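A.B. asks: Contents of query.cif (mmCIF, C-alpha atoms) are below:
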data_input
loop_
_atom_site.label_atom_id
_atom_site.label_comp_id
_atom_site.auth_asym_id
_atom_site.auth_seq_id
_atom_site.Cartn_x
_atom_site.Cartn_y
_atom_site.Cartn_z
CA MET L 71 55.22 49.96 -22.17
CA ALA L 72 53.34 49.99 -25.41
CA VAL L 73 53.88 47.03 -27.68
CA VAL L 74 55.23 47.91 -31.12
CA LYS L 75 55.33 45.37 -33.91
CA LEU L 76 56.59 45.79 -37.43
CA PHE L 77 55.64 43.55 -40.34
CA GLY L 78 58.34 43.86 -42.99
CA ALA L 79 60.23 42.07 -45.74
CA TRP L 80 64.03 41.91 -45.59
CA PHE L 81 64.55 43.57 -49.01
CA SER L 82 61.82 46.24 -48.85
CA PRO L 83 63.12 49.84 -48.86
CA TYR L 84 59.73 50.92 -47.49
CA ALA L 85 60.09 48.59 -44.49
CA TYR L 86 63.61 49.93 -43.88
CA ARG L 87 62.25 53.47 -43.62
CA VAL L 88 60.25 52.32 -40.60
CA ILE L 89 63.16 50.35 -39.11
CA TRP L 90 65.43 53.42 -39.35
CA ALA L 91 62.79 55.68 -37.84
CA LEU L 92 62.20 53.34 -34.87
CA LYS L 93 65.95 52.89 -34.30
CA LEU L 94 66.63 56.64 -34.53
CA LYS L 95 63.90 57.23 -31.95
CA GLY L 96 65.18 54.37 -29.78
CA ILE L 97 61.83 52.54 -29.76
CA PRO L 98 62.05 48.79 -29.07
CA TYR L 99 59.87 46.70 -31.40
CA GLU L 100 59.20 43.17 -32.48
CA TYR L 101 60.00 42.54 -36.14
CA ILE L 102 57.95 40.02 -38.10
CA GLU L 103 59.33 38.95 -41.48
CA GLU L 104 56.58 38.38 -44.05
CA ASP L 105 56.87 35.92 -46.93
CA LEU L 106 55.22 38.03 -49.64
CA ARG L 107 54.54 34.98 -51.82
CA ASN L 108 52.59 33.51 -48.92
CA LYS L 109 51.23 36.38 -46.86
CA SER L 110 50.22 35.72 -43.26
CA PRO L 111 46.57 36.02 -42.17
CA LEU L 112 47.66 38.79 -39.78
CA LEU L 113 49.12 40.90 -42.60
CA LEU L 114 45.92 40.50 -44.63
CA GLN L 115 43.87 41.44 -41.57
CA TYR L 116 46.00 44.49 -40.76
CA ASN L 117 46.33 45.80 -44.32
CA PRO L 118 43.24 44.54 -46.20
CA ILE L 119 43.43 47.28 -48.83
CA HIS L 120 46.99 46.92 -50.12
CA LYS L 121 48.07 43.64 -48.47
CA LYS L 122 51.62 45.02 -48.36
CA VAL L 123 54.44 45.62 -45.92
CA PRO L 124 55.36 47.63 -43.95
CA VAL L 125 52.62 47.57 -41.34
CA LEU L 126 53.27 49.02 -37.91
CA VAL L 127 51.09 47.72 -35.09
CA HIS L 128 51.00 49.96 -32.02
CA ASP L 129 48.94 48.86 -29.00
CA GLY L 130 47.14 46.41 -31.31
CA LYS L 131 46.19 49.05 -33.91
CA PRO L 132 47.66 48.81 -37.42
CA ILE L 133 49.10 51.69 -39.45
CA CYS L 134 49.91 51.17 -43.14
CA GLU L 135 51.94 53.04 -45.79
CA SER L 136 55.51 53.93 -44.85
CA THR L 137 55.06 57.71 -45.14
CA VAL L 138 51.96 57.59 -42.94
CA ILE L 139 53.76 55.32 -40.45
CA LEU L 140 56.72 57.72 -40.23
CA GLN L 141 54.48 60.72 -39.57
CA TYR L 142 52.69 58.71 -36.88
CA ILE L 143 55.98 57.64 -35.25
CA ASP L 144 57.11 61.27 -35.27
CA GLU L 145 53.95 62.41 -33.49
CA ILE L 146 53.99 59.66 -30.86
CA TRP L 147 57.73 59.79 -30.13
CA PRO L 148 58.94 63.36 -30.79
CA GLN L 149 62.65 62.77 -29.94
CA ASN L 150 65.04 62.99 -32.93
CA PRO L 151 62.40 64.58 -35.19
CA LEU L 152 61.75 63.13 -38.65
CA LEU L 153 60.13 66.33 -39.93
CA PRO L 154 61.02 70.00 -39.39
CA ALA L 155 59.07 71.89 -36.71
CA ASP L 156 58.48 74.98 -38.85
CA PRO L 157 55.24 74.59 -40.88
CA TYR L 158 56.76 75.86 -44.11
CA ASP L 159 59.88 73.67 -43.87
CA ARG L 160 57.55 70.80 -42.99
CA ALA L 161 55.48 71.42 -46.12
CA ALA L 162 58.67 71.50 -48.21
CA ALA L 163 59.75 68.17 -46.68
CA LEU L 164 56.34 66.60 -47.38
CA PHE L 165 56.56 67.88 -50.96
CA TRP L 166 59.87 66.06 -51.53
CA ILE L 167 58.62 62.91 -49.83
CA LYS L 168 55.60 62.87 -52.15
CA PHE L 169 57.87 63.54 -55.13
CA ALA L 170 60.14 60.60 -54.22
CA ASP L 171 57.21 58.25 -53.63
CA ASP L 172 55.44 59.18 -56.87
CA LYS L 173 58.66 58.77 -58.89
CA LEU L 174 59.45 55.42 -57.29
CA TYR L 175 55.92 54.29 -58.08
CA GLN L 176 56.52 55.26 -61.71
CA THR L 177 59.78 53.32 -61.97
CA ASP L 178 58.13 50.19 -60.64
CA GLY L 179 56.97 47.63 -63.17
CA GLU L 180 57.54 49.86 -66.15
CA GLU L 181 59.45 48.90 -69.27
CA GLN L 182 63.19 49.29 -68.70
CA GLN L 183 63.63 52.32 -70.95
CA ALA L 184 60.77 54.23 -69.32
CA ALA L 185 62.00 53.27 -65.85
CA VAL L 186 65.53 54.53 -66.62
CA LYS L 187 64.04 57.84 -67.79
CA GLU L 188 62.16 58.19 -64.47
CA TRP L 189 65.31 57.35 -62.46
CA LEU L 190 67.28 59.99 -64.34
CA GLU L 191 64.57 62.62 -63.87
CA MET L 192 64.55 61.82 -60.17
CA LEU L 193 68.34 62.16 -59.92
CA GLU L 194 68.28 65.46 -61.83
CA VAL L 195 65.65 66.95 -59.55
CA MET L 196 67.58 65.79 -56.48
CA GLU L 197 70.78 67.36 -57.83
CA GLU L 198 69.35 70.60 -59.20
CA HIS L 199 66.59 71.41 -56.72
CA ALA L 200 66.38 69.33 -53.57
CA LEU L 201 70.03 69.27 -52.47
CA ILE L 202 71.20 72.77 -53.43
CA GLY L 203 72.81 75.01 -50.85
CA GLY L 204 75.60 72.80 -49.59
CA LYS L 205 73.41 70.84 -47.20
CA LYS L 206 74.62 67.57 -45.68
CA PHE L 207 71.13 66.08 -45.79
CA PHE L 208 67.88 67.16 -47.43
CA GLY L 209 66.75 68.95 -44.28
CA GLY L 210 70.14 70.41 -43.32
CA GLU L 211 72.65 68.98 -40.83
CA GLU L 212 70.52 66.09 -39.57
CA ILE L 213 68.97 63.13 -41.35
CA ASN L 214 65.16 63.25 -41.62
CA MET L 215 62.21 61.67 -43.39
CA VAL L 216 63.12 63.17 -46.78
CA ASP L 217 66.47 61.30 -46.77
CA MET L 218 64.58 58.12 -45.96
CA ALA L 219 62.18 58.71 -48.86
CA PHE L 220 65.04 59.11 -51.35
CA THR L 221 66.94 56.19 -49.93
CA ILE L 222 66.43 53.79 -52.82
CA VAL L 223 68.84 55.94 -54.79
CA ALA L 224 71.49 55.54 -52.08
CA TYR L 225 71.51 51.77 -51.98
CA TRP L 226 68.86 49.81 -53.87
CA LEU L 227 69.55 51.48 -57.23
CA GLY L 228 73.10 50.10 -57.23
CA VAL L 229 71.79 46.55 -57.01
CA ILE L 230 69.19 47.23 -59.70
CA GLU L 231 71.98 48.54 -61.96
CA ASP L 232 73.99 45.34 -61.41
CA VAL L 233 70.97 43.22 -62.30
CA VAL L 234 70.07 45.09 -65.51
CA ARG L 235 73.79 45.61 -66.32
CA LEU L 236 73.39 49.32 -66.89
CA GLU L 237 74.89 52.37 -65.20
CA ILE L 238 71.98 54.70 -64.49
CA PHE L 239 73.59 56.76 -61.76
CA GLU L 240 76.87 58.21 -63.06
CA PRO L 241 78.44 59.85 -59.96
CA HIS L 242 80.34 62.58 -61.86
CA LYS L 243 77.04 63.86 -63.29
CA PHE L 244 75.44 64.12 -59.86
CA PRO L 245 78.10 65.39 -57.42
CA LEU L 246 75.59 66.58 -54.78
CA VAL L 247 73.70 63.29 -54.86
CA SER L 248 77.01 61.39 -54.58
CA LEU L 249 77.99 63.41 -51.53
CA TRP L 250 74.56 62.91 -49.96
CA ILE L 251 74.83 59.12 -50.47
CA GLN L 252 78.15 59.16 -48.57
CA ASN L 253 76.63 61.22 -45.77
CA PHE L 254 73.55 59.04 -45.63
CA LYS L 255 75.50 55.80 -45.43
CA SER L 256 77.80 57.20 -42.75
CA ILE L 257 74.92 57.31 -40.24
CA LEU L 258 75.30 54.32 -37.93
CA VAL L 259 71.59 53.44 -37.83
CA ILE L 260 71.48 53.35 -41.63
CA LYS L 261 74.81 51.52 -42.11
CA GLU L 262 73.85 48.82 -39.63
CA ASN L 263 70.38 48.33 -41.09
CA LEU L 264 70.59 47.64 -44.79
CA PRO L 265 69.72 44.44 -46.64
CA ASP L 266 72.53 42.18 -47.85
CA ALA L 267 73.46 43.29 -51.39
CA ASP L 268 74.37 39.80 -52.67
CA LYS L 269 71.13 38.31 -51.41
CA MET L 270 69.17 41.19 -52.97
CA PHE L 271 71.04 40.80 -56.27
CA ALA L 272 70.06 37.13 -56.39
CA LEU L 273 66.43 37.94 -55.60
CA LEU L 274 66.11 40.72 -58.18
CA LYS L 275 67.95 38.70 -60.82
CA HIS L 276 65.61 35.76 -60.30
CA GLY L 277 62.57 38.10 -60.44
CA ARG L 278 63.81 39.66 -63.67
CA GLU L 279 64.43 36.29 -65.31
CA MET L 280 60.92 35.14 -64.38
CA MET L 281 59.48 38.34 -65.87
CA LEU L 282 61.48 38.05 -69.09
CA ALA L 283 60.56 34.36 -69.43
CA SER L 284 56.86 35.16 -68.99
CA LYS L 285 57.08 37.79 -71.73
CA SER L 286 58.77 35.52 -74.29
CA ASN L 287 56.11 32.82 -73.94
CA MET Y 334 47.55 90.41 -42.36
CA ALA Y 335 49.40 87.77 -44.28
CA VAL Y 336 48.86 87.74 -48.02
CA VAL Y 337 47.49 84.47 -49.37
CA LYS Y 338 47.36 83.76 -53.07
CA LEU Y 339 46.08 80.67 -54.84
CA PHE Y 340 47.02 79.70 -58.37
CA GLY Y 341 44.30 77.39 -59.71
CA ALA Y 342 42.38 76.28 -62.77
CA TRP Y 343 38.57 76.49 -62.79
CA PHE Y 344 38.06 72.77 -63.51
CA SER Y 345 40.80 71.29 -61.29
CA PRO Y 346 39.52 69.13 -58.42
CA TYR Y 347 42.91 69.57 -56.76
CA ALA Y 348 42.55 73.36 -56.81
CA TYR Y 349 39.03 73.05 -55.35
CA ARG Y 350 40.40 71.14 -52.37
CA VAL Y 351 42.42 74.23 -51.49
CA ILE Y 352 39.51 76.62 -52.16
CA TRP Y 353 37.25 74.60 -49.84
CA ALA Y 354 39.91 74.44 -47.13
CA LEU Y 355 40.51 78.21 -47.23
CA LYS Y 356 36.75 78.96 -47.23
CA LEU Y 357 36.10 76.52 -44.34
CA LYS Y 358 38.83 78.24 -42.36
CA GLY Y 359 37.57 81.68 -43.33
CA ILE Y 360 40.90 82.80 -44.80
CA PRO Y 361 40.68 85.61 -47.39
CA TYR Y 362 42.83 84.98 -50.47
CA GLU Y 363 43.49 86.21 -53.95
CA TYR Y 364 42.67 83.67 -56.65
CA ILE Y 365 44.70 83.61 -59.85
CA GLU Y 366 43.29 81.55 -62.73
CA GLU Y 367 46.03 79.82 -64.74
CA ASP Y 368 45.72 79.00 -68.42
CA LEU Y 369 47.36 75.56 -68.37
CA ARG Y 370 48.02 75.66 -72.12
CA ASN Y 371 49.98 78.85 -71.58
CA LYS Y 372 51.35 78.77 -68.06
CA SER Y 373 52.38 82.03 -66.42
CA PRO Y 374 56.05 82.72 -65.56
CA LEU Y 375 54.98 82.97 -61.91
CA LEU Y 376 53.51 79.45 -61.91
CA LEU Y 377 56.70 78.06 -63.45
CA GLN Y 378 58.76 79.94 -60.88
CA TYR Y 379 56.65 78.77 -57.94
CA ASN Y 380 56.31 75.13 -59.03
CA PRO Y 381 59.38 74.40 -61.19
CA ILE Y 382 59.19 70.64 -60.57
CA HIS Y 383 55.61 69.82 -61.60
CA LYS Y 384 54.52 73.12 -63.23
CA LYS Y 385 51.00 72.39 -62.03
CA VAL Y 386 48.18 73.99 -60.08
CA PRO Y 387 47.28 74.36 -57.28
CA VAL Y 388 50.04 76.48 -55.78
CA LEU Y 389 49.41 78.36 -52.55
CA VAL Y 390 51.60 81.39 -51.92
CA HIS Y 391 51.71 82.49 -48.29
CA ASP Y 392 53.78 85.56 -47.38
CA GLY Y 393 55.55 85.18 -50.73
CA LYS Y 394 56.50 81.52 -50.18
CA PRO Y 395 55.01 78.85 -52.48
CA ILE Y 396 53.59 75.52 -51.37
CA CYS Y 397 52.75 72.87 -54.00
CA GLU Y 398 50.70 69.63 -54.08
CA SER Y 399 47.15 69.86 -52.77
CA THR Y 400 47.61 67.36 -49.92
CA VAL Y 401 50.73 69.18 -48.73
CA ILE Y 402 48.93 72.54 -49.03
CA LEU Y 403 45.98 71.29 -46.98
CA GLN Y 404 48.23 70.00 -44.19
CA TYR Y 405 50.02 73.37 -44.20
CA ILE Y 406 46.75 75.32 -44.05
CA ASP Y 407 45.62 73.13 -41.15
CA GLU Y 408 48.80 73.87 -39.20
CA ILE Y 409 48.76 77.62 -39.82
CA TRP Y 410 45.02 78.12 -39.26
CA PRO Y 411 43.83 75.47 -36.78
CA GLN Y 412 40.11 76.51 -36.72
CA ASN Y 413 37.70 73.99 -38.33
CA PRO Y 414 40.34 71.24 -38.42
CA LEU Y 415 40.97 69.34 -41.66
CA LEU Y 416 42.59 66.38 -39.88
CA PRO Y 417 41.71 64.61 -36.62
CA ALA Y 418 43.67 65.62 -33.51
CA ASP Y 419 44.27 62.03 -32.33
CA PRO Y 420 47.50 60.66 -33.87
CA TYR Y 421 45.96 57.30 -34.78
CA ASP Y 422 42.84 58.82 -36.38
CA ARG Y 423 45.15 61.25 -38.14
CA ALA Y 424 47.21 58.36 -39.55
CA ALA Y 425 44.01 56.65 -40.72
CA ALA Y 426 42.94 59.87 -42.46
CA LEU Y 427 46.34 60.25 -44.15
CA PHE Y 428 46.11 56.61 -45.28
CA TRP Y 429 42.78 57.26 -47.06
CA ILE Y 430 44.04 60.50 -48.57
CA LYS Y 431 47.04 58.65 -50.01
CA PHE Y 432 44.76 55.87 -51.25
CA ALA Y 433 42.50 58.38 -53.03
CA ASP Y 434 45.42 60.25 -54.58
CA ASP Y 435 47.17 57.10 -55.79
CA LYS Y 436 43.95 55.74 -57.31
CA LEU Y 437 43.16 59.03 -59.02
CA TYR Y 438 46.67 59.06 -60.43
CA GLN Y 439 46.07 55.57 -61.81
CA THR Y 440 42.79 56.55 -63.51
CA ASP Y 441 44.44 59.48 -65.21
CA GLY Y 442 45.58 58.99 -68.79
CA GLU Y 443 45.00 55.26 -68.77
CA GLU Y 444 43.07 53.34 -71.39
CA GLN Y 445 39.34 53.57 -70.72
CA GLN Y 446 38.90 49.96 -69.64
CA ALA Y 447 41.78 50.11 -67.16
CA ALA Y 448 40.55 53.47 -65.84
CA VAL Y 449 37.02 52.10 -65.28
CA LYS Y 450 38.52 49.18 -63.34
CA GLU Y 451 40.41 51.63 -61.08
CA TRP Y 452 37.28 53.74 -60.53
CA LEU Y 453 35.30 50.66 -59.53
CA GLU Y 454 38.03 49.47 -57.16
CA MET Y 455 38.05 52.90 -55.59
CA LEU Y 456 34.26 52.89 -55.15
CA GLU Y 457 34.32 49.38 -53.65
CA VAL Y 458 36.98 50.31 -51.12
CA MET Y 459 35.07 53.47 -50.18
CA GLU Y 460 31.86 51.47 -49.72
CA GLU Y 461 33.29 48.42 -47.96
CA HIS Y 462 36.07 49.90 -45.85
CA ALA Y 463 36.29 53.68 -45.61
CA LEU Y 464 32.64 54.60 -44.97
CA ILE Y 465 31.48 51.75 -42.74
CA GLY Y 466 29.91 52.46 -39.38
CA GLY Y 467 27.08 54.81 -40.39
CA LYS Y 468 29.29 57.90 -40.54
CA LYS Y 469 28.08 61.06 -42.24
CA PHE Y 470 31.56 61.87 -43.51
CA PHE Y 471 34.81 59.90 -43.66
CA GLY Y 472 35.96 61.34 -40.36
CA GLY Y 473 32.59 61.24 -38.59
CA GLU Y 474 30.10 64.10 -38.23
CA GLU Y 475 32.22 66.83 -39.79
CA ILE Y 476 33.75 67.18 -43.23
CA ASN Y 477 37.54 66.88 -43.33
CA MET Y 478 40.49 66.40 -45.68
CA VAL Y 479 39.54 62.81 -46.51
CA ASP Y 480 36.21 63.93 -47.97
CA MET Y 481 38.09 66.49 -50.04
CA ALA Y 482 40.47 63.80 -51.32
CA PHE Y 483 37.59 61.58 -52.48
CA THR Y 484 35.68 64.46 -53.94
CA ILE Y 485 36.18 63.59 -57.61
CA VAL Y 486 33.77 60.72 -57.05
CA ALA Y 487 31.14 63.15 -55.72
CA TYR Y 488 31.10 65.50 -58.68
CA TRP Y 489 33.73 65.14 -61.41
CA LEU Y 490 33.04 61.46 -62.07
CA GLY Y 491 29.47 62.30 -63.15
CA VAL Y 492 30.78 64.59 -65.87
CA ILE Y 493 33.37 62.01 -66.95
CA GLU Y 494 30.56 59.44 -67.26
CA ASP Y 495 28.56 61.78 -69.46
CA VAL Y 496 31.57 62.34 -71.70
CA VAL Y 497 32.46 58.66 -72.14
CA ARG Y 498 28.74 57.70 -72.18
CA LEU Y 499 29.16 55.01 -69.56
CA GLU Y 500 27.66 54.54 -66.11
CA ILE Y 501 30.59 53.71 -63.83
CA PHE Y 502 28.99 54.67 -60.53
CA GLU Y 503 25.70 52.77 -60.12
CA PRO Y 504 24.17 54.27 -56.95
CA HIS Y 505 22.27 51.10 -55.89
CA LYS Y 506 25.56 49.18 -55.76
CA PHE Y 507 27.18 51.78 -53.50
CA PRO Y 508 24.55 52.98 -51.01
CA LEU Y 509 27.06 54.37 -48.48
CA VAL Y 510 28.94 56.28 -51.17
CA SER Y 511 25.61 57.65 -52.49
CA LEU Y 512 24.66 58.88 -49.05
CA TRP Y 513 28.10 60.41 -48.55
CA ILE Y 514 27.82 62.29 -51.87
CA GLN Y 515 24.50 63.79 -50.68
CA ASN Y 516 26.03 64.81 -47.37
CA PHE Y 517 29.12 66.22 -49.05
CA LYS Y 518 27.17 68.33 -51.51
CA SER Y 519 24.87 69.64 -48.77
CA ILE Y 520 27.77 71.57 -47.19
CA LEU Y 521 27.40 75.22 -48.19
CA VAL Y 522 31.10 75.81 -48.84
CA ILE Y 523 31.19 72.82 -51.21
CA LYS Y 524 27.86 73.55 -52.94
CA GLU Y 525 28.82 77.15 -53.62
CA ASN Y 526 32.29 76.27 -54.91
CA LEU Y 527 32.06 73.71 -57.69
CA PRO Y 528 32.91 74.16 -61.35
CA ASP Y 529 30.08 74.54 -63.87
CA ALA Y 530 29.14 71.05 -65.10
CA ASP Y 531 28.21 72.10 -68.65
CA LYS Y 532 31.45 74.01 -69.11
CA MET Y 533 33.40 71.03 -67.75
CA PHE Y 534 31.52 68.62 -70.02
CA ALA Y 535 32.49 70.73 -73.05
CA LEU Y 536 36.13 70.87 -71.94
CA LEU Y 537 36.45 67.14 -71.26
CA LYS Y 538 34.60 66.23 -74.46
CA HIS Y 539 36.93 68.41 -76.49
CA GLY Y 540 39.96 66.90 -74.75
CA ARG Y 541 38.72 63.39 -75.40
CA GLU Y 542 38.08 64.10 -79.08
CA MET Y 543 41.59 65.50 -79.45
CA MET Y 544 43.03 62.40 -77.79
CA LEU Y 545 41.04 59.99 -79.96
CA ALA Y 546 41.94 61.95 -83.10
CA SER Y 547 45.64 61.84 -82.23
CA LYS Y 548 45.43 58.06 -81.76
CA SER Y 549 43.75 57.38 -85.08
CA ASN Y 550 46.43 59.26 -87.02
#
Render the structure in this file as C-alpha cells.

C.D. replies:
Amino acid sequence: MAVVKLFGAWFSPYAYRVIWALKLKGIPYEYIEEDLRNKSPLLLQYNPIHKKVPVLVHDGKPICESTVILQYIDEIWPQNPLLPADPYDRAAALFWIKFADDKLYQTDGEEQQAAVKEWLEMLEVMEEHALIGGKKFFGGEEINMVDMAFTIVAYWLGVIEDVVRLEIFEPHKFPLVSLWIQNFKSILVIKENLPDADKMFALLKHGREMMLASKSN
Amino acid sequence: MAVVKLFGAWFSPYAYRVIWALKLKGIPYEYIEEDLRNKSPLLLQYNPIHKKVPVLVHDGKPICESTVILQYIDEIWPQNPLLPADPYDRAAALFWIKFADDKLYQTDGEEQQAAVKEWLEMLEVMEEHALIGGKKFFGGEEINMVDMAFTIVAYWLGVIEDVVRLEIFEPHKFPLVSLWIQNFKSILVIKENLPDADKMFALLKHGREMMLASKSN
C-alpha cells in the first residue's frame, strides 16, 4: 500500500482540510506535526517555495497547497467525492473555493478594521449567493470541498472573535450560514477532528499581544 | 452546436488566457468586449460577485475566474490538453498556476517598490524552480495552462516597465525565463492574439497618471 504522510500544524485550518479529506476517503496516513517557528529540513525540502503546511507526501512525492492537495486526493481516491462530477457544477465549486481562499488571504495580516470588512463581505456572499436554495451543504446533501474551504467561518472565526473581543458573525443576520455551520459540525469526521478551542485561543491571544507590542515600540 | 460566448476586455491578460485556450482547442466563440468603466447589465448578471472579466458563457451558463474557466474548457473539450493527464503532474501544474495567480494579485495595486519586489520574487522562482530541466515550456514540449498563467511576464510586464520607466526583468539574470518567453511567443495562437503594445502603453500610462494625481491631492 502506498505510503501517505501529512505535514501539518495542529491549529492550521488548511491542514484540517487535508485531514478531513483523508478521513472521509478512509485513507490511512502518518501525521507529522511541524513546529512553524522551527521548521523541519523535510518541510523546507518538500515545500521550498512557500515553506508552509500542509504538505502531503504520496509515494515519496510532495504536493503543496491545500486546494491542490484536495483535488489530487479526489483524483487518486475517487470514493466519497470532494468535487461534483458534472463539469459545470465542478466549475461552480472551484469558483467558490477560489473565492473563499482569496478572501481568507485578504483577512490575514490586515489591520483589524479592514479584516472585519472582508469577513463581513465573505459572510454576506455566503448567505446571499453560495447557500441559497435550501441546501444542507454548499454542494447539496453531502459535504464537499467547498464546505472545507469555507470552514474557517464555522469554527476558527469564533476563536478569533473571542481574541479580538468583537462579534463579527451575528447569527441572526446570517440564518443560512448559521444552519450550514450546524450541519457542518454535525458530520462525525469534522466534529472529531477540530483543534482545541482553548489552546487555539491562547495561541492567537499570545500572537496578537506580540503583534501589538511590536507596533507600539 | 453549443453556443460559446466570452466577455473580455482587450487589455486583460486573464481574458487572453481564455482566448488562447479556446483557439488552441479550435472552439468557435462570440467575443463581447466589455467597457470596464461602464459594465454591461449582462456582465453584472453573469458575475455578480466579482463583476469582472473574463466570463465564459456556455449554453447560457456563466463560468467566472480564468483558472476555473480553463479547467472547465479542458474538461468539456479534451483535445490539445491544457493540463497533464497524470494526477501528480496535474497537481504540480495547479500548484504553479496558483503561485502565479497569487503573485500577480500581490503585484496589483501595491506601492511600486513592493510590487517590484513581488515581480522579482516571481521571476526568481520561475528561473530557479519552475523552468529547470531544459524544458521548452513549463509542462515540457507543449504549451499548457501553466504557461498561460505566467504569461504576464512574457508580454504585459514589458509594457509596465515602459510605463514606470524601470527595468524589472533583466534578461541576463533570468536566462531560462528569457528562453521560455521566446518559445511562448513563437506559438502562432499566442503571437496572433496579443493586445497592441502601444495602445496598452497609453492606457496604463493614463491610469498611472490618474493614480499619482489622486495621491497628490

A.B. asks: Could you work out how far CA of Trp166 in chain L lies from CA of Gly209 in chain L, giving the answer in Å with one decimal?

C.D. replies: 10.4 Å

A.B. asks: If the cut-off is 10 Å, can you tell me the residues of chain L near chain Y, counting all atoms listed in the file? I'd like them as a ChimeraX atom specification.

C.D. replies: /L:118-120,128,131-146,156-165,168-169,172,175,195,199

A.B. asks: Separation of CA of Ala155 in chain L and CA of Asp480 in chain Y, in Å?

C.D. replies: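 Here the two named atoms are 26.7 Å from each other.
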
A.B. asks: Which residues fall under the PyMOL selection byres ((chain L and resi 232-241) around 9) in this file, as a list in words?

C.D. replies: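 Checked against the file, the PyMOL selection byres ((chain L and resi 232-241) around 9) matches Gln182, Val186, Trp189, Leu190, Leu193, Val223, Leu227, Gly228, Val229, Ile230, Glu231, His242, Lys243, Phe244, Pro245, Leu246, Val247, Ser248, Phe271, Ala272, Leu274, Lys275 and Arg278 of chain L.
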
A.B. asks: So that I can check the surroundings of range 363-373 of chain Y, please list as a ChimeraX atom specification every protein, DNA and RNA residue that reaches within 8 Å of it, counting only C-alpha atoms and ignoring chain neighbours fewer than 2 positions away.

C.D. replies: /Y:337-343,361,375-377,385-386

A.B. asks: For Lys93 in chain L, which residue among L:Ile202, L:Leu153, L:Leu249, L:Val259 is the nearest when counting all atoms listed in the file?

C.D. replies: L:Val259

A.B. asks: Calculated over only C-alpha atoms, which of the candidates Y:Asn413, Y:Gln446, Y:Asn477, Y:Ser345 has the smallest distance to Val388 in chain Y?

C.D. replies: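 Under the stated criterion, the closest residue is Y:Ser345.
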
A.B. asks: Which is closer to Asn516 in chain Y than all the others in Y:Glu457, Y:Glu451, Y:Asp441, Y:Glu474, using all atoms listed in the file?

C.D. replies: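 Closest to Asn516 in chain Y, using all atoms listed in the file: Y:Glu474.
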
A.B. asks: Expand the PyMOL selection byres ((chain L and resi 91) around 9) into the individual residues it matches in the shown file, reporting them as a list in words.

C.D. replies: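 For this structure, the PyMOL selection byres ((chain L and resi 91) around 9) captures Tyr86, Arg87, Val88, Ile89, Trp90, Leu92, Lys93, Leu94, Lys95, Gly96, Ile97, Leu140, Ile143, Asp144, Leu152, Asn214, Met215 and Met218 of chain L.
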
A.B. asks: Nearest residue to Lys468 in chain Y out of Y:Ala487, Y:Gln439, Y:Met455, Y:Trp513, using all atoms listed in the file?

C.D. replies: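 Between Y:Ala487, Y:Gln439, Y:Met455, Y:Trp513, the residue approaching Lys468 in chain Y most closely is Y:Trp513.
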
A.B. asks: Env of Val73 in chain L: 8 Å cut, atoms = all atoms listed in the file, seq-sep filter 3 positions within chain, self excluded. Answer as JSON, numbers by chain.

C.D. replies: {"L": [99, 127, 128, 129, 130]}

A.B. asks: So the first atom is CA of Leu536 in chain Y and the second is CA of Pro346 in chain Y; what is the distance between them in Å, to one decimal place?

C.D. replies: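 Atom-to-atom, CA of Leu536 in chain Y and CA of Pro346 in chain Y are spaced 14.0 Å apart.
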